[in-house]
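S.K.: See data.txt below, with compact mmCIF, C-alpha atoms.
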```txt
# COMPACT_ATOMS: atom_id res chain seq x y z
CA MET A 1 -59.46 -54.72 44.24
CA LYS A 2 -60.66 -52.84 41.16
CA LYS A 3 -62.93 -50.65 43.31
CA ASN A 4 -59.99 -49.73 45.58
CA ARG A 5 -57.89 -48.71 42.60
CA LEU A 6 -60.46 -46.32 41.10
CA PRO A 7 -59.80 -43.44 43.57
CA TRP A 8 -56.09 -43.60 42.77
CA ILE A 9 -56.71 -43.48 39.04
CA ALA A 10 -59.08 -40.56 39.41
CA GLY A 11 -56.58 -38.67 41.58
CA GLY A 12 -53.80 -39.25 39.06
CA ALA A 13 -55.97 -37.98 36.21
CA ALA A 14 -56.80 -34.86 38.21
CA LEU A 15 -53.11 -34.17 38.80
CA LEU A 16 -52.40 -34.54 35.09
CA VAL A 17 -55.18 -32.12 34.19
CA ALA A 18 -53.93 -29.62 36.77
CA ALA A 19 -50.37 -29.88 35.46
CA TYR A 20 -51.56 -29.37 31.90
CA LEU A 21 -53.63 -26.31 32.84
CA GLY A 22 -50.66 -24.87 34.79
CA TYR A 23 -48.38 -25.36 31.83
CA ARG A 24 -50.87 -23.61 29.55
CA TYR A 25 -51.14 -20.73 32.01
CA TRP A 26 -47.36 -20.45 32.27
CA LYS A 27 -47.00 -20.45 28.49
CA LYS A 28 -49.61 -17.72 28.19
CA ALA A 29 -47.96 -15.52 30.78
CA ASP A 30 -44.51 -15.25 29.22
CA PRO A 31 -42.31 -12.91 31.27
CA ALA A 32 -41.23 -9.65 29.62
CA PRO A 33 -37.78 -9.82 27.96
CA VAL A 34 -34.80 -7.97 29.36
CA TRP A 35 -33.81 -5.28 26.80
CA ILE A 36 -30.15 -4.49 26.13
CA THR A 37 -29.70 -0.88 25.04
CA ALA A 38 -26.96 1.54 24.02
CA PRO A 39 -27.29 5.30 23.54
CA ALA A 40 -27.23 6.99 20.15
CA THR A 41 -24.20 9.29 20.20
CA ARG A 42 -22.52 11.88 18.00
CA ASP A 43 -19.16 10.57 16.82
CA ASP A 44 -16.69 10.66 13.94
CA VAL A 45 -17.05 7.72 11.53
CA ARG A 46 -14.12 6.72 9.35
CA VAL A 47 -13.90 4.04 6.67
CA THR A 48 -10.31 2.84 6.33
CA VAL A 49 -8.15 0.46 4.31
CA THR A 50 -5.16 -1.20 5.96
CA ALA A 51 -1.99 -2.36 4.25
CA THR A 52 1.72 -2.97 4.82
CA GLY A 53 4.43 -1.12 2.92
CA THR A 54 8.12 -0.20 2.84
CA LEU A 55 9.70 3.22 3.28
CA LYS A 56 11.87 4.37 0.38
CA ALA A 57 13.70 7.53 -0.63
CA VAL A 58 11.91 9.66 -3.22
CA THR A 59 15.03 9.51 -5.44
CA THR A 60 17.44 6.55 -5.43
CA VAL A 61 20.34 6.39 -7.91
CA GLU A 62 22.70 3.49 -8.56
CA VAL A 63 26.13 4.94 -9.43
CA GLY A 64 28.29 2.71 -11.62
CA THR A 65 31.20 2.91 -14.06
CA GLN A 66 31.21 2.61 -17.84
CA VAL A 67 34.88 1.61 -18.04
CA SER A 68 36.81 -1.26 -16.52
CA GLY A 69 39.67 -0.75 -14.12
CA THR A 70 40.97 -0.93 -10.59
CA ILE A 71 39.56 1.24 -7.80
CA ALA A 72 42.43 3.63 -7.06
CA ALA A 73 40.70 5.92 -4.55
CA LEU A 74 37.42 6.18 -2.63
CA TYR A 75 36.19 9.58 -1.44
CA ALA A 76 32.80 8.57 0.02
CA ASP A 77 31.57 5.91 2.41
CA PHE A 78 28.30 4.75 4.01
CA ASN A 79 26.12 7.69 5.17
CA SER A 80 28.41 10.25 3.50
CA ARG A 81 26.58 13.37 2.35
CA VAL A 82 27.55 14.30 -1.19
CA LYS A 83 26.86 17.14 -3.62
CA LYS A 84 26.09 16.91 -7.31
CA GLY A 85 29.38 16.71 -9.26
CA GLN A 86 31.45 15.76 -6.20
CA VAL A 87 34.16 13.15 -6.90
CA ILE A 88 33.35 10.02 -4.89
CA ALA A 89 35.76 7.49 -6.46
CA ARG A 90 38.57 7.21 -9.02
CA LEU A 91 39.79 4.33 -11.18
CA ASP A 92 43.41 3.69 -12.07
CA THR A 93 44.01 5.68 -15.30
CA THR A 94 47.29 4.10 -16.49
CA LEU A 95 45.74 1.96 -19.21
CA LEU A 96 43.17 4.57 -20.12
CA TYR A 97 45.85 7.20 -20.59
CA ALA A 98 47.88 4.80 -22.75
CA SER A 99 44.79 4.22 -24.90
CA LEU A 100 44.47 7.97 -25.37
CA GLN A 101 48.10 8.27 -26.47
CA ASP A 102 47.62 5.41 -28.92
CA ALA A 103 44.53 7.08 -30.36
CA ARG A 104 46.44 10.34 -30.82
CA SER A 105 49.23 8.53 -32.62
CA SER A 106 46.74 6.87 -34.94
CA LEU A 107 45.22 10.26 -35.64
CA GLU A 108 48.56 11.73 -36.65
CA ARG A 109 49.30 8.82 -38.96
CA VAL A 110 45.91 8.93 -40.63
CA SER A 111 46.13 12.71 -40.94
CA ALA A 112 49.40 12.37 -42.87
CA LEU A 113 47.84 9.79 -45.18
CA ASP A 114 44.88 12.09 -45.76
CA GLN A 115 47.17 14.94 -46.75
CA GLN A 116 49.07 12.64 -49.11
CA ALA A 117 45.84 11.42 -50.73
CA SER A 118 44.60 14.99 -51.16
CA ALA A 119 47.85 16.04 -52.83
CA GLU A 120 47.77 12.99 -55.10
CA LEU A 121 44.21 13.78 -56.17
CA LYS A 122 45.14 17.37 -56.99
CA ARG A 123 48.08 16.18 -59.14
CA MET A 124 45.96 13.56 -60.96
CA ARG A 125 43.36 16.17 -61.90
CA SER A 126 46.02 18.41 -63.35
CA LEU A 127 47.41 15.56 -65.44
CA PHE A 128 43.91 14.51 -66.55
CA GLU A 129 43.21 18.01 -67.86
CA ARG A 130 46.31 17.70 -70.02
CA GLU A 131 45.17 14.20 -71.07
CA LEU A 132 48.28 12.60 -69.57
CA VAL A 133 46.34 10.10 -67.36
CA SER A 134 43.22 8.07 -67.95
CA GLN A 135 39.80 8.45 -66.38
CA ALA A 136 40.34 5.25 -64.43
CA GLU A 137 43.48 6.61 -62.82
CA LEU A 138 41.66 9.78 -61.81
CA ASP A 139 38.79 7.78 -60.33
CA GLN A 140 41.27 5.73 -58.31
CA ALA A 141 42.81 8.90 -56.88
CA VAL A 142 39.38 10.25 -55.96
CA ALA A 143 38.49 7.02 -54.12
CA SER A 144 41.80 6.99 -52.27
CA ALA A 145 41.23 10.56 -51.09
CA ARG A 146 37.76 9.71 -49.81
CA VAL A 147 39.02 6.65 -47.90
CA ALA A 148 41.76 8.75 -46.33
CA ALA A 149 39.22 11.39 -45.25
CA ALA A 150 36.98 8.70 -43.69
CA ASN A 151 39.94 7.22 -41.83
CA LEU A 152 40.78 10.67 -40.52
CA THR A 153 37.23 11.09 -39.18
CA SER A 154 37.38 7.67 -37.51
CA ALA A 155 40.75 8.47 -35.93
CA ARG A 156 39.43 11.73 -34.53
CA ALA A 157 36.44 9.83 -33.03
CA GLY A 158 38.89 7.35 -31.48
CA VAL A 159 40.73 10.15 -29.76
CA GLN A 160 37.45 11.60 -28.48
CA ARG A 161 36.37 8.19 -27.20
CA ALA A 162 39.66 7.69 -25.38
CA ARG A 163 39.29 11.12 -23.74
CA ILE A 164 35.74 10.29 -22.60
CA ASN A 165 36.85 6.95 -21.15
CA LEU A 166 39.61 8.77 -19.27
CA ARG A 167 37.00 11.14 -17.81
CA TYR A 168 34.80 8.17 -16.86
CA ALA A 169 37.59 7.00 -14.57
CA ILE A 170 36.58 9.87 -12.27
CA ILE A 171 33.28 8.85 -10.58
CA GLN A 172 31.08 11.82 -9.65
CA SER A 173 27.82 12.04 -7.72
CA PRO A 174 24.88 12.73 -10.05
CA ILE A 175 22.67 14.19 -7.28
CA ASP A 176 22.74 15.89 -3.91
CA GLY A 177 22.10 13.20 -1.34
CA ILE A 178 23.49 10.58 0.98
CA VAL A 179 25.36 7.33 0.35
CA LEU A 180 23.14 4.39 1.27
CA SER A 181 25.60 1.66 0.27
CA ARG A 182 29.10 1.16 -1.13
CA ALA A 183 29.64 -2.01 -3.16
CA VAL A 184 33.42 -1.82 -3.84
CA GLU A 185 36.66 -1.72 -1.89
CA LEU A 186 39.95 0.04 -2.56
CA GLY A 187 42.02 -1.99 -5.03
CA GLN A 188 39.05 -3.98 -6.34
CA THR A 189 38.88 -4.52 -10.10
CA VAL A 190 35.56 -3.75 -11.81
CA ALA A 191 34.69 -5.00 -15.29
CA ALA A 192 32.21 -3.13 -17.47
CA SER A 193 32.34 -5.49 -20.44
CA PHE A 194 28.70 -6.68 -20.42
CA SER A 195 26.94 -4.56 -17.77
CA THR A 196 27.60 -1.50 -15.67
CA PRO A 197 28.87 -2.52 -12.23
CA THR A 198 27.31 -0.65 -9.29
CA LEU A 199 29.74 1.22 -7.06
CA PHE A 200 27.43 3.29 -4.84
CA SER A 201 23.72 3.57 -4.08
CA LEU A 202 22.70 7.18 -3.42
CA ALA A 203 19.46 8.52 -1.99
CA GLY A 204 18.15 12.01 -2.52
CA ASP A 205 16.92 14.31 0.21
CA LEU A 206 15.58 12.07 3.00
CA ARG A 207 13.50 14.88 4.47
CA GLU A 208 10.76 13.63 2.17
CA MET A 209 10.16 9.93 1.62
CA ARG A 210 7.73 7.49 0.07
CA VAL A 211 5.87 4.46 1.35
CA GLN A 212 5.20 1.78 -1.27
CA ALA A 213 2.37 -0.41 -0.01
CA ALA A 214 0.58 -3.45 -1.44
CA VAL A 215 -3.22 -3.03 -1.29
CA ASP A 216 -5.54 -5.99 -1.84
CA GLU A 217 -7.68 -5.95 -5.00
CA ALA A 218 -10.85 -5.96 -2.85
CA ASP A 219 -9.88 -2.55 -1.40
CA ILE A 220 -8.03 -0.87 -4.26
CA GLY A 221 -11.23 0.61 -5.72
CA LYS A 222 -11.66 2.74 -2.60
CA VAL A 223 -8.16 4.24 -2.68
CA LYS A 224 -7.75 7.57 -4.51
CA GLU A 225 -4.94 10.09 -4.91
CA GLY A 226 -4.87 12.74 -2.19
CA GLN A 227 -6.42 10.60 0.55
CA GLN A 228 -4.82 10.97 3.97
CA ALA A 229 -3.12 8.06 5.72
CA THR A 230 -1.44 7.25 9.00
CA PHE A 231 1.16 4.60 9.71
CA THR A 232 3.44 3.23 12.38
CA VAL A 233 6.88 1.66 12.23
CA ASP A 234 8.42 -0.86 14.58
CA ALA A 235 11.21 1.55 15.51
CA TYR A 236 8.70 4.00 17.05
CA PRO A 237 5.67 1.87 18.01
CA GLU A 238 4.07 4.59 20.16
CA GLU A 239 4.16 7.27 17.46
CA THR A 240 1.87 7.77 14.47
CA PHE A 241 3.20 9.28 11.23
CA ARG A 242 1.11 10.87 8.49
CA GLY A 243 1.19 10.97 4.72
CA ALA A 244 -0.97 11.27 1.62
CA VAL A 245 -1.67 8.96 -1.34
CA GLU A 246 0.44 10.15 -4.27
CA GLN A 247 -0.11 7.40 -6.83
CA VAL A 248 -2.16 4.25 -7.41
CA ARG A 249 -0.20 2.09 -9.83
CA LEU A 250 -2.08 0.05 -12.40
CA GLN A 251 0.31 -2.88 -12.66
CA PRO A 252 -0.90 -5.83 -10.53
CA THR A 253 1.29 -8.16 -8.49
CA VAL A 254 0.17 -11.79 -8.12
CA THR A 255 1.55 -13.78 -5.17
CA GLN A 256 0.07 -17.25 -4.53
CA ASN A 257 -3.12 -16.28 -6.42
CA VAL A 258 -3.49 -13.10 -4.32
CA VAL A 259 -3.67 -9.93 -6.44
CA THR A 260 -2.38 -6.66 -5.00
CA TYR A 261 -1.66 -3.19 -6.38
CA ASP A 262 1.09 -0.78 -5.37
CA VAL A 263 -0.02 2.43 -3.68
CA VAL A 264 2.62 5.14 -3.18
CA LEU A 265 2.34 7.63 -0.32
CA ARG A 266 4.45 10.76 0.12
CA VAL A 267 5.63 11.21 3.70
CA PRO A 268 7.39 14.19 5.34
CA ASN A 269 10.52 13.30 7.32
CA ASP A 270 11.87 16.59 8.58
CA ASP A 271 13.48 15.05 11.67
CA LEU A 272 15.13 12.27 9.57
CA ARG A 273 13.97 9.56 11.95
CA LEU A 274 12.37 7.47 9.21
CA MET A 275 14.91 5.38 7.31
CA PRO A 276 14.75 3.60 3.95
CA GLY A 277 13.66 -0.01 4.29
CA MET A 278 11.49 0.39 7.41
CA THR A 279 8.17 -1.51 7.40
CA ALA A 280 5.11 0.75 7.63
CA ASN A 281 1.71 -0.47 8.86
CA LEU A 282 -0.71 1.77 6.97
CA THR A 283 -4.24 2.93 7.59
CA ILE A 284 -5.69 4.89 4.65
CA THR A 285 -8.83 6.92 5.34
CA VAL A 286 -11.02 6.44 2.26
CA ASP A 287 -14.10 8.24 3.64
CA ALA A 288 -15.05 10.04 6.83
CA ARG A 289 -17.91 11.86 8.55
CA GLU A 290 -17.34 14.13 11.52
CA ASP A 291 -19.73 14.75 14.42
CA VAL A 292 -22.62 12.68 13.06
CA LEU A 293 -25.29 10.74 14.92
CA THR A 294 -24.34 7.07 15.21
CA VAL A 295 -25.79 3.86 16.62
CA PRO A 296 -24.18 0.45 17.17
CA VAL A 297 -24.31 -1.85 14.15
CA ALA A 298 -26.18 -4.39 16.30
CA ALA A 299 -29.06 -1.92 16.69
CA LEU A 300 -29.72 -2.03 12.93
CA ARG A 301 -29.76 -5.83 12.92
CA PHE A 302 -32.01 -6.22 15.96
CA THR A 303 -35.61 -7.44 15.64
CA PRO A 304 -37.84 -7.68 18.75
CA PRO A 305 -39.06 -11.20 19.62
CA ARG A 306 -42.71 -11.92 18.79
CA PRO A 307 -44.93 -13.17 21.63
CA GLU A 308 -45.86 -16.74 20.75
CA ASN A 309 -49.57 -16.41 21.62
CA SER A 310 -50.29 -12.84 20.60
CA GLY A 311 -49.07 -12.91 17.03
CA GLU A 312 -47.66 -9.40 17.57
CA GLY A 313 -44.17 -8.18 17.02
CA GLU A 314 -41.87 -7.13 14.21
CA ARG A 315 -42.95 -8.50 10.85
CA ALA A 316 -40.96 -6.34 8.45
CA PRO A 317 -37.86 -7.89 6.86
CA ARG A 318 -34.57 -7.07 8.45
CA LYS A 319 -32.38 -4.42 6.88
CA THR A 320 -28.62 -4.69 6.79
CA PRO A 321 -26.42 -1.76 7.81
CA GLY A 322 -25.41 -1.27 4.19
CA ALA A 323 -28.98 -0.45 3.11
CA ARG A 324 -29.93 3.21 2.78
CA GLY A 325 -33.33 2.80 4.45
CA SER A 326 -33.45 0.96 7.75
CA ARG A 327 -34.88 1.18 11.28
CA VAL A 328 -33.93 0.93 14.90
CA PHE A 329 -35.97 0.30 18.04
CA VAL A 330 -35.94 2.78 20.89
CA LEU A 331 -36.92 1.72 24.41
CA GLU A 332 -39.84 3.90 25.62
CA ASN A 333 -41.79 3.09 28.80
CA GLY A 334 -40.27 -0.38 28.86
CA LYS A 335 -41.39 -1.21 25.30
CA PRO A 336 -39.63 -1.01 21.94
CA ARG A 337 -40.72 1.71 19.50
CA ARG A 338 -39.73 1.49 15.88
CA VAL A 339 -37.92 4.52 14.41
CA ALA A 340 -37.17 4.77 10.69
CA VAL A 341 -33.64 5.95 9.89
CA GLU A 342 -31.42 6.40 6.88
CA THR A 343 -27.96 4.87 7.22
CA GLY A 344 -24.65 6.29 6.06
CA LEU A 345 -21.04 5.35 6.69
CA SER A 346 -20.14 2.46 8.95
CA ASP A 347 -16.78 1.59 10.47
CA GLY A 348 -17.93 -1.88 11.46
CA ALA A 349 -18.77 -0.91 15.04
CA ARG A 350 -21.02 2.13 14.68
CA THR A 351 -23.09 3.38 11.74
CA GLU A 352 -24.11 6.90 10.79
CA VAL A 353 -27.89 7.40 10.87
CA ARG A 354 -30.25 10.23 9.96
CA GLY A 355 -33.91 10.50 10.89
CA ASP A 356 -36.21 11.06 13.86
CA LEU A 357 -33.66 9.95 16.42
CA LYS A 358 -32.20 12.11 19.17
CA PRO A 359 -28.71 11.87 20.68
CA GLY A 360 -28.79 9.83 23.85
CA ALA A 361 -31.87 7.84 22.83
CA PRO A 362 -31.64 4.26 24.18
CA VAL A 363 -31.60 2.11 21.05
CA ILE A 364 -32.10 -1.61 21.58
CA THR A 365 -29.22 -3.85 20.55
CA GLY A 366 -30.48 -7.16 21.96
CA ALA A 367 -32.84 -8.89 24.35
CA GLN A 368 -33.03 -11.99 26.52
CA THR A 369 -35.75 -13.59 28.62
CA ALA A 370 -35.67 -13.49 32.39
CA GLU A 371 -35.29 -17.29 32.45
CA ALA A 372 -32.27 -17.13 30.13
CA LYS A 373 -30.76 -14.42 32.29
CA ALA A 374 -31.31 -16.45 35.46
CA GLY A 375 -30.03 -19.62 33.81
CA GLY A 376 -26.93 -17.81 32.55
CA ALA A 377 -25.99 -16.73 36.02
CA GLY A 378 -25.79 -20.32 37.16
CA ALA A 379 -24.27 -21.83 34.03
CA PRO A 380 -20.87 -23.53 34.58
CA PHE A 381 -17.69 -21.63 33.65
CA GLY A 382 -19.68 -18.55 32.67
CA MET A 383 -21.36 -20.29 29.73
CA GLN A 384 -24.54 -18.47 28.69
CA PRO A 385 -27.60 -20.39 27.45
CA GLN A 386 -28.52 -20.06 23.79
CA ARG A 387 -30.81 -17.11 23.14
CA PRO A 388 -34.27 -17.64 21.66
CA ARG A 389 -34.48 -17.23 17.90
CA GLY A 390 -35.06 -13.64 16.75
CA MET A 391 -33.67 -11.88 19.81
CA GLY A 392 -30.73 -10.23 17.99
CA GLY A 393 -27.11 -9.78 18.90
CA GLY A 394 -25.61 -8.15 21.95
CA GLY A 395 -23.50 -5.22 20.82
CA GLY A 396 -22.89 -3.86 24.31
CA GLY A 397 -24.89 -1.47 26.39
CA ARG A 398 -26.96 -1.76 29.51
CA ARG A 399 -29.87 -4.11 30.38
CA ASN A 400 -33.32 -2.83 31.23
```
How does this structure look as structure tokens?

M.R.:
Amino acid sequence: MKKNRLPWIAGGAALLVAAYLGYRYWKKADPAPVWITAPATRDDVRVTVTATGTLKAVTTVEVGTQVSGTIAALYADFNSRVKKGQVIARLDTTLLYASLQDARSSLERVSALDQQASAELKRMRSLFERELVSQAELDQAVASARVAAANLTSARAGVQRARINLRYAIIQSPIDGIVLSRAVELGQTVAASFSTPTLFSLAGDLREMRVQAAVDEADIGKVKEGQQATFTVDAYPEETFRGAVEQVRLQPTVTQNVVTYDVVLRVPNDDLRLMPGMTANLTITVDAREDVLTVPVAALRFTPPRPENSGEGERAPRKTPGARGSRVFVLENGKPRRVAVETGLSDGARTEVRGDLKPGAPVITGAQTAEAKAGGAGAPFGMQPQRPRGMGGGGGGRRN
């Protein structure tokens, strides 16, 4: 029985040796990878900062009253256009006029007392010169005259104050503009005892407006005065409006541990379509390059795979797109060729490069083996197999 089993054992060993040799041959003859390329192109590269803000009028004035009273007349309403000095409301002046009459009466009374005190002082001096009154009596007359003069000054100020309060009953527009809001109704009583009540909110010329936006602290260092910006509003989603950074305010705002800074943009509004309070979705251009040579960001991250048995391939450390000195690989005659480049601006999709690279050159953005490609075609639900280590990202383009 043992002799009959020997041929089978020998045959099995031969099959194992043949399988091992075939595996070694297959490992040595790795198929060439499939290169994924994209052309180097001339494009505009823009670095932007996004934020959300609110449209506001350049000048907004709250119009109030410094005296208490009842609203007797209203001469302006919502959206009314007003001129500087135009009467827009009037308070009932009955009590204010009575206060003025009372102040005038007090002035007349105090004026008579002042004249009496002056005459008394003149008489006391004459008697003192003839030694008919004492020094104490003269001093008393002098003091009485001074008190009377002070009371006269106070009474005159009271009359002036009553006149001013009477004028305050006439509410005038302090600027040329438009009425944004009216906070009172005809017949309503307003009290100005502790604070000035607001009657109207006026906006200046709406043909020029501002956008006040909150910019994150991570981006505020890039924003400078004079930078151009574009924005959209929900009312006109298909249209893009333009403006310029006017001010970067230093005061921070902290909301749930998130720090932001206010950036103010000046915006033209000649057609008056933009309204105060609209939400603006901003894009501020902080840097830009026009008509420069660019490559996909993935091309700067790509490193060719090293053949496992040859020991060849890319050995240099990878460079990130933010580094000044970097390299890309160009596909020539079916093989990658390293090209040194200097990187510039990047918008996250494409990066500006300078060096020995021509427009249209097929830069490699990724690679995959033929087996991975074949396996991906048959994977369920379009799932692609995991790429071998070191074969880089996709980044778009065509396969070669």

S.K.: Can you check which parts of segment 218-321 of chain A lie within 12 Å of segment 34-47 of chain A? Per residue, the shortest pair of atoms and distance in Å to one decimal, counting all atoms listed in the file, sorted by chain and number, as JSON lines.

M.R.:
```
{"residue": "A:Asp219", "atom": "CA", "partner": "A:Val47", "partner_atom": "CA", "distance": 11.2}
{"residue": "A:Lys222", "atom": "CA", "partner": "A:Val47", "partner_atom": "CA", "distance": 9.6}
{"residue": "A:Val223", "atom": "CA", "partner": "A:Val47", "partner_atom": "CA", "distance": 11.0}
{"residue": "A:Gln227", "atom": "CA", "partner": "A:Val47", "partner_atom": "CA", "distance": 11.7}
{"residue": "A:Gln228", "atom": "CA", "partner": "A:Arg46", "partner_atom": "CA", "distance": 11.6}
{"residue": "A:Ala229", "atom": "CA", "partner": "A:Val47", "partner_atom": "CA", "distance": 11.5}
{"residue": "A:Thr283", "atom": "CA", "partner": "A:Val47", "partner_atom": "CA", "distance": 9.8}
{"residue": "A:Ile284", "atom": "CA", "partner": "A:Val47", "partner_atom": "CA", "distance": 8.5}
{"residue": "A:Thr285", "atom": "CA", "partner": "A:Val47", "partner_atom": "CA", "distance": 6.0}
{"residue": "A:Val286", "atom": "CA", "partner": "A:Val47", "partner_atom": "CA", "distance": 5.8}
{"residue": "A:Asp287", "atom": "CA", "partner": "A:Val47", "partner_atom": "CA", "distance": 5.2}
{"residue": "A:Ala288", "atom": "CA", "partner": "A:Arg46", "partner_atom": "CA", "distance": 4.3}
{"residue": "A:Arg289", "atom": "CA", "partner": "A:Val45", "partner_atom": "CA", "distance": 5.2}
{"residue": "A:Glu290", "atom": "CA", "partner": "A:Asp44", "partner_atom": "CA", "distance": 4.3}
{"residue": "A:Asp291", "atom": "CA", "partner": "A:Asp43", "partner_atom": "CA", "distance": 4.9}
{"residue": "A:Val292", "atom": "CA", "partner": "A:Arg42", "partner_atom": "CA", "distance": 5.0}
{"residue": "A:Leu293", "atom": "CA", "partner": "A:Arg42", "partner_atom": "CA", "distance": 4.3}
{"residue": "A:Thr294", "atom": "CA", "partner": "A:Thr41", "partner_atom": "CA", "distance": 5.5}
{"residue": "A:Val295", "atom": "CA", "partner": "A:Ala40", "partner_atom": "CA", "distance": 4.9}
{"residue": "A:Pro296", "atom": "CA", "partner": "A:Ala38", "partner_atom": "CA", "distance": 7.5}
{"residue": "A:Val297", "atom": "CA", "partner": "A:Ala38", "partner_atom": "CA", "distance": 10.8}
{"residue": "A:Ala298", "atom": "CA", "partner": "A:Ala38", "partner_atom": "CA", "distance": 9.8}
{"residue": "A:Ala299", "atom": "CA", "partner": "A:Ala38", "partner_atom": "CA", "distance": 8.4}
{"residue": "A:Leu300", "atom": "CA", "partner": "A:Ala40", "partner_atom": "CA", "distance": 11.8}
{"residue": "A:Phe302", "atom": "CA", "partner": "A:Ile36", "partner_atom": "CA", "distance": 10.5}
{"residue": "A:Thr303", "atom": "CA", "partner": "A:Trp35", "partner_atom": "CA", "distance": 11.5}
{"residue": "A:Pro304", "atom": "CA", "partner": "A:Trp35", "partner_atom": "CA", "distance": 9.3}
{"residue": "A:Pro305", "atom": "CA", "partner": "A:Trp35", "partner_atom": "CA", "distance": 10.7}
```

S.K.: If we count only C-alpha atoms and set the cut-off at 8 Å, which residues sit around segment 88-100 of chain A, ignoring sequence neighbours fewer than 2 positions away in its own chain? Please answer as a PyMOL selection string.

M.R.: chain A and resi 69-76+86+102-104+159+162-163+165-166+169-173

S.K.: Would you work out the distance separating atom CA of Pro174 of chain A from atom CA of Thr279 of chain A, expressed in Å to one decimal?

M.R.: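 Going from atom CA of Pro174 of chain A over to atom CA of Thr279 of chain A, I get 28.0 Å.
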
S.K.: For segment 262-273 of chain A, work out the shell of residues within 7 Å, counting all atoms listed in the file and skipping chain neighbours fewer than 2 positions away, then give it as an MDAnalysis selection string.

M.R.: chainID A and resid 206:215 242:249 260 275

S.K.: Would you output that residue set with C-alpha atoms, as a PDB file, in the coordinates of the input?

M.R.:
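Output contents, as saved in out.pdb:
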```pdb
ATOM      1  CA  LEU A 206      15.580  12.070   3.000  1.00  0.00           C
ATOM      2  CA  ARG A 207      13.500  14.880   4.470  1.00  0.00           C
ATOM      3  CA  GLU A 208      10.760  13.630   2.170  1.00  0.00           C
ATOM      4  CA  MET A 209      10.160   9.930   1.620  1.00  0.00           C
ATOM      5  CA  ARG A 210       7.730   7.490   0.070  1.00  0.00           C
ATOM      6  CA  VAL A 211       5.870   4.460   1.350  1.00  0.00           C
ATOM      7  CA  GLN A 212       5.200   1.780  -1.270  1.00  0.00           C
ATOM      8  CA  ALA A 213       2.370  -0.410  -0.010  1.00  0.00           C
ATOM      9  CA  ALA A 214       0.580  -3.450  -1.440  1.00  0.00           C
ATOM     10  CA  VAL A 215      -3.220  -3.030  -1.290  1.00  0.00           C
ATOM     11  CA  ARG A 242       1.110  10.870   8.490  1.00  0.00           C
ATOM     12  CA  GLY A 243       1.190  10.970   4.720  1.00  0.00           C
ATOM     13  CA  ALA A 244      -0.970  11.270   1.620  1.00  0.00           C
ATOM     14  CA  VAL A 245      -1.670   8.960  -1.340  1.00  0.00           C
ATOM     15  CA  GLU A 246       0.440  10.150  -4.270  1.00  0.00           C
ATOM     16  CA  GLN A 247      -0.110   7.400  -6.830  1.00  0.00           C
ATOM     17  CA  VAL A 248      -2.160   4.250  -7.410  1.00  0.00           C
ATOM     18  CA  ARG A 249      -0.200   2.090  -9.830  1.00  0.00           C
ATOM     19  CA  THR A 260      -2.380  -6.660  -5.000  1.00  0.00           C
ATOM     20  CA  MET A 275      14.910   5.380   7.310  1.00  0.00           C
TER      21      MET A 275
END
```

S.K.: Work out how far apart atom CA of Arg123 of chain A and atom CA of Ala141 of chain A are and give it in Å to one decimal.

M.R.: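 Going from atom CA of Arg123 of chain A over to atom CA of Ala141 of chain A, I get 9.3 Å.
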
S.K.: Would you mind reading off the distance between atom CA of Ala367 of chain A and atom CA of Thr343 of chain A, one decimal, in Å?

M.R.: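 So the two atoms, atom CA of Ala367 of chain A and atom CA of Thr343 of chain A, lie 22.5 Å apart.
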
S.K.: Please output segment 62-70 of chain A, rebuilt to include N, CA and C atoms, as an mmCIF file, in the frame of the given file.

M.R.:
```
data_model
loop_
_atom_site.group_PDB
_atom_site.id
_atom_site.type_symbol
_atom_site.label_atom_id
_atom_site.label_comp_id
_atom_site.auth_asym_id
_atom_site.auth_seq_id
_atom_site.Cartn_x
_atom_site.Cartn_y
_atom_site.Cartn_z
ATOM 1 N N GLU A 62 21.586 4.438 -8.589
ATOM 2 C CA GLU A 62 22.700 3.490 -8.560
ATOM 3 C C GLU A 62 23.834 4.081 -9.389
ATOM 4 N N VAL A 63 24.981 4.340 -8.762
ATOM 5 C CA VAL A 63 26.130 4.940 -9.430
ATOM 6 C C VAL A 63 27.089 3.827 -9.833
ATOM 7 N N GLY A 64 27.395 3.742 -11.127
ATOM 8 C CA GLY A 64 28.290 2.710 -11.620
ATOM 9 C C GLY A 64 29.436 3.308 -12.418
ATOM 10 N N THR A 65 30.100 2.462 -13.208
ATOM 11 C CA THR A 65 31.200 2.910 -14.060
ATOM 12 C C THR A 65 31.029 2.304 -15.441
ATOM 13 N N GLN A 66 31.336 3.090 -16.478
ATOM 14 C CA GLN A 66 31.210 2.610 -17.840
ATOM 15 C C GLN A 66 32.522 2.060 -18.386
ATOM 16 N N VAL A 67 33.589 2.144 -17.601
ATOM 17 C CA VAL A 67 34.880 1.610 -18.040
ATOM 18 C C VAL A 67 35.393 0.633 -16.989
ATOM 19 N N SER A 68 36.217 -0.293 -17.430
ATOM 20 C CA SER A 68 36.810 -1.260 -16.520
ATOM 21 C C SER A 68 38.097 -0.698 -15.932
ATOM 22 N N GLY A 69 38.441 -1.209 -14.754
ATOM 23 C CA GLY A 69 39.670 -0.750 -14.120
ATOM 24 C C GLY A 69 39.714 -1.138 -12.664
ATOM 25 N N THR A 70 40.756 -0.667 -12.006
ATOM 26 C CA THR A 70 40.970 -0.930 -10.590
ATOM 27 C C THR A 70 40.635 0.309 -9.785
#
```
